[in-house]
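Student: Take this structure first; my questions come after.
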Amino acid sequence: MSSIVVGDHCYVHMSYEQDRNGSDVDGVYRVSLKDGTAELIRMNNEDADWKEHRLYDVVYDQGTVYYRITEYRTGEARSRIFAYDEESWKDSLLFETDAVISAVVADNKLYYTRYQDKKANDKLFVFDLDTGEESVILIPYAGCMTY
């Protein structure tokens with residue numbers, strides 16, 4: 001689907017066939033450009049309680065690979081933002097919310113819109129990754145954010 005080359009490694013967003021529930025299956029891998037070895041960072045369908053899984057926005061910024069997994073089940077959705085530290089090889093959950101979001105990370109802040117939420121269609125949410133505090137900026141319309 002997409003890839004990011006950083007030094008001697010390539011971070012790859014791989015797409016597979018659908019699983020037995022009909023959900024698309026994606027994964028994020030770290031591939032060595034020296035010897036071709038590949039390490040799975042995460043698959044998007046690890047939580048069986050959710051029916052449909054989507055992996056988006058595999059991006060690199062200052063030593064960290066960020067990606068988003070949005071999951072659905074009847075009447076519900078959630079989005080989670082993960083960070084993979086290339087130095088420690090540690091993958092961690094940064095943020096989770098009960099909505100379909102579009103997000104970018106910059107200056108240690110997560111900027112996101114809840115773009116399928118009619119009550120939040122004029123808001124840009126700012127989540128400070130250092131403090132955990134959240135603020136809101138009013139905007140004309142909440143759409144899909146891109147890097």
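Simple scheme: letters A, B, ... for chains in structure tokens order, numbers from 1 for residues in each chain, numbers from 1 for ligands in the order shown.
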I'd like the neighbourhood of A:Arg78 as a list in words, where a residue qualifies if any of its atoms comes within 8 Å (using only C-alpha atoms), though same-chain residues fewer than 5 positions away should be ignored.
Tutor: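 Near neighbours after the sequence-gap exclusion: Thr70, Glu71, Tyr72, Glu96, Thr97, Asp98, Ala99 and Val100 of chain A.
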Student: If you keep N, CA and C atoms, can you produce a file of those selected residues as a short mmCIF file (atom, residue, chain, number, x, y, z; two decimals), in the first residue's frame?
Tutor:
```cif
data_model
loop_
_atom_site.label_atom_id
_atom_site.label_comp_id
_atom_site.auth_asym_id
_atom_site.auth_seq_id
_atom_site.Cartn_x
_atom_site.Cartn_y
_atom_site.Cartn_z
N THR A 70 -8.64 2.22 12.62
CA THR A 70 -10.04 2.53 12.91
C THR A 70 -10.83 1.23 12.79
N GLU A 71 -11.66 0.97 13.79
CA GLU A 71 -12.41 -0.28 13.85
C GLU A 71 -13.90 0.00 14.03
N TYR A 72 -14.70 -0.92 13.53
CA TYR A 72 -16.15 -0.76 13.56
C TYR A 72 -16.82 -2.02 14.08
N GLU A 96 -6.68 6.95 21.95
CA GLU A 96 -7.85 6.19 21.53
C GLU A 96 -9.09 7.04 21.74
N THR A 97 -10.03 6.96 20.80
CA THR A 97 -11.28 7.68 20.92
C THR A 97 -12.40 6.88 20.29
N ASP A 98 -13.63 7.18 20.68
CA ASP A 98 -14.81 6.44 20.23
C ASP A 98 -15.42 7.05 18.97
N ALA A 99 -14.59 7.37 17.99
CA ALA A 99 -15.09 8.00 16.77
C ALA A 99 -14.17 7.68 15.60
N VAL A 100 -14.68 7.89 14.40
CA VAL A 100 -13.85 7.83 13.21
C VAL A 100 -13.15 9.18 13.12
#
```
Student: Quick check for you: according to DSSP on this backbone, which residues of stretch 5-75 of chain A are classed as strand (DSSP E or B)? Reply as an NGL selection string.
Tutor: :A and (5-6 or 9-16 or 25-32 or 38-43 or 52-61 or 64-73)
Student: Selected residues, C-alpha atoms, written as a PDB file, in the first residue's frame, please.
Tutor:
```pdb
ATOM      1  CA  VAL A   5      12.476   4.446   3.872  1.00  0.00           C
ATOM      2  CA  VAL A   6      14.445   5.500   6.946  1.00  0.00           C
ATOM      3  CA  HIS A   9      14.975   0.124   7.034  1.00  0.00           C
ATOM      4  CA  CYS A  10      11.737   0.404   5.132  1.00  0.00           C
ATOM      5  CA  TYR A  11       8.433   0.632   6.984  1.00  0.00           C
ATOM      6  CA  VAL A  12       5.800  -1.023   4.814  1.00  0.00           C
ATOM      7  CA  HIS A  13       2.000  -0.911   4.963  1.00  0.00           C
ATOM      8  CA  MET A  14       1.037  -4.339   3.587  1.00  0.00           C
ATOM      9  CA  SER A  15      -2.447  -5.282   2.449  1.00  0.00           C
ATOM     10  CA  TYR A  16      -3.754  -8.870   2.522  1.00  0.00           C
ATOM     11  CA  VAL A  25      -6.421  -7.134   6.711  1.00  0.00           C
ATOM     12  CA  ASP A  26      -3.393  -4.847   6.799  1.00  0.00           C
ATOM     13  CA  GLY A  27      -0.101  -4.883   8.648  1.00  0.00           C
ATOM     14  CA  VAL A  28       2.850  -2.623   9.330  1.00  0.00           C
ATOM     15  CA  TYR A  29       6.295  -4.206   8.866  1.00  0.00           C
ATOM     16  CA  ARG A  30       9.862  -3.082   9.407  1.00  0.00           C
ATOM     17  CA  VAL A  31      12.045  -4.471   6.593  1.00  0.00           C
ATOM     18  CA  SER A  32      15.852  -4.400   6.634  1.00  0.00           C
ATOM     19  CA  ALA A  38      11.044  -8.356   8.072  1.00  0.00           C
ATOM     20  CA  GLU A  39       9.558  -7.740  11.495  1.00  0.00           C
ATOM     21  CA  LEU A  40       5.794  -7.428  11.954  1.00  0.00           C
ATOM     22  CA  ILE A  41       4.960  -4.362  14.022  1.00  0.00           C
ATOM     23  CA  ARG A  42       1.177  -4.821  14.143  1.00  0.00           C
ATOM     24  CA  MET A  43      -1.769  -6.281  12.247  1.00  0.00           C
ATOM     25  CA  GLU A  52     -14.176  -4.307  10.573  1.00  0.00           C
ATOM     26  CA  HIS A  53     -10.614  -2.988  10.756  1.00  0.00           C
ATOM     27  CA  ARG A  54      -8.870  -0.273   8.717  1.00  0.00           C
ATOM     28  CA  LEU A  55      -5.216   0.771   8.898  1.00  0.00           C
ATOM     29  CA  TYR A  56      -4.342   4.303   7.723  1.00  0.00           C
ATOM     30  CA  ASP A  57      -1.669   6.986   7.680  1.00  0.00           C
ATOM     31  CA  VAL A  58       1.660   5.193   8.120  1.00  0.00           C
ATOM     32  CA  VAL A  59       4.008   8.188   8.464  1.00  0.00           C
ATOM     33  CA  TYR A  60       7.455   8.891   9.883  1.00  0.00           C
ATOM     34  CA  ASP A  61       8.473  11.891  11.985  1.00  0.00           C
ATOM     35  CA  THR A  64       8.836   7.548  15.192  1.00  0.00           C
ATOM     36  CA  VAL A  65       6.480   5.765  12.799  1.00  0.00           C
ATOM     37  CA  TYR A  66       2.855   6.746  13.430  1.00  0.00           C
ATOM     38  CA  TYR A  67      -0.216   4.911  12.162  1.00  0.00           C
ATOM     39  CA  ARG A  68      -3.951   4.790  12.831  1.00  0.00           C
ATOM     40  CA  ILE A  69      -6.306   1.836  13.131  1.00  0.00           C
ATOM     41  CA  THR A  70     -10.039   2.528  12.912  1.00  0.00           C
ATOM     42  CA  GLU A  71     -12.409  -0.280  13.848  1.00  0.00           C
ATOM     43  CA  TYR A  72     -16.150  -0.756  13.555  1.00  0.00           C
ATOM     44  CA  ARG A  73     -18.908  -2.889  14.985  1.00  0.00           C
TER      45      ARG A  73
END
```
Student: Give me the residues near A:Gln62 as a PyMOL selection string, where near means some atom within 12 Å (using only C-alpha atoms) and where sequence neighbours in that chain fewer than 6 positions away do not count.
Tutor: chain A and resi 6+83-87+105-108
Student: In Å, rounded to a single decimal, give me how far atom CA of A:Phe127 is from atom CA of A:Leu110.
Tutor: 5.0 Å
Student: Using only C-alpha atoms, determine which residues lie at most 12 Å from A:Lys119, disregarding the query and same-chain residues fewer than 5 positions distant; provide the list as an MDAnalysis selection string.
Tutor: chainID A and resid 99 113:114 141:142
Student: For A:Lys123, work out the shell of residues within 12 Å, counting only C-alpha atoms and skipping chain neighbours fewer than 6 positions away, then give it as a compact mmCIF listing (two decimals) with N, CA and C atoms, in the first residue's frame.
Tutor:
```
# COMPACT_ATOMS: atom_id res chain seq x y z
N ILE A 101 -11.82 9.15 13.12
CA ILE A 101 -11.07 10.40 13.10
C ILE A 101 -10.09 10.42 11.95
N TYR A 111 -3.31 16.29 16.32
CA TYR A 111 -4.39 17.13 15.81
C TYR A 111 -5.36 16.20 15.09
N TYR A 112 -6.65 16.27 15.45
CA TYR A 112 -7.59 15.37 14.79
C TYR A 112 -8.97 15.98 14.64
N THR A 113 -9.68 15.46 13.65
CA THR A 113 -11.08 15.82 13.44
C THR A 113 -11.91 14.56 13.59
N ARG A 114 -13.10 14.73 14.11
CA ARG A 114 -14.08 13.65 14.19
C ARG A 114 -15.01 13.86 13.01
N TYR A 115 -14.57 13.46 11.84
CA TYR A 115 -15.24 13.90 10.63
C TYR A 115 -16.51 13.15 10.27
N GLN A 116 -16.95 12.20 11.06
CA GLN A 116 -18.26 11.59 10.84
C GLN A 116 -19.17 11.88 12.03
N ASP A 117 -18.83 12.88 12.80
CA ASP A 117 -19.57 13.26 14.00
C ASP A 117 -20.20 14.63 13.75
N SER A 135 -7.55 20.23 23.86
CA SER A 135 -8.19 21.52 23.63
C SER A 135 -8.89 21.45 22.27
N VAL A 136 -9.69 22.49 21.99
CA VAL A 136 -10.47 22.53 20.76
C VAL A 136 -10.26 23.86 20.07
N ILE A 137 -10.09 23.79 18.74
CA ILE A 137 -10.01 24.99 17.91
C ILE A 137 -11.22 24.95 16.99
N LEU A 138 -12.00 26.03 16.96
CA LEU A 138 -13.15 26.08 16.07
C LEU A 138 -12.69 26.35 14.65
N ILE A 139 -13.22 25.58 13.70
CA ILE A 139 -12.87 25.70 12.29
C ILE A 139 -14.17 25.69 11.48
N PRO A 140 -14.14 26.11 10.20
CA PRO A 140 -15.37 26.14 9.41
C PRO A 140 -15.98 24.76 9.17
N TYR A 141 -15.15 23.74 8.92
CA TYR A 141 -15.67 22.40 8.66
C TYR A 141 -14.59 21.38 8.92
N ALA A 142 -14.95 20.29 9.59
CA ALA A 142 -13.99 19.23 9.90
C ALA A 142 -13.95 18.22 8.76
N GLY A 143 -12.82 18.11 8.11
CA GLY A 143 -12.67 17.16 7.02
C GLY A 143 -11.54 16.19 7.30
```
Student: Between A:Met145, A:Asn45, A:Gly75, A:Asp130, which has the minimum distance to A:Leu94 (counting only C-alpha atoms)?
Tutor: A:Asp130
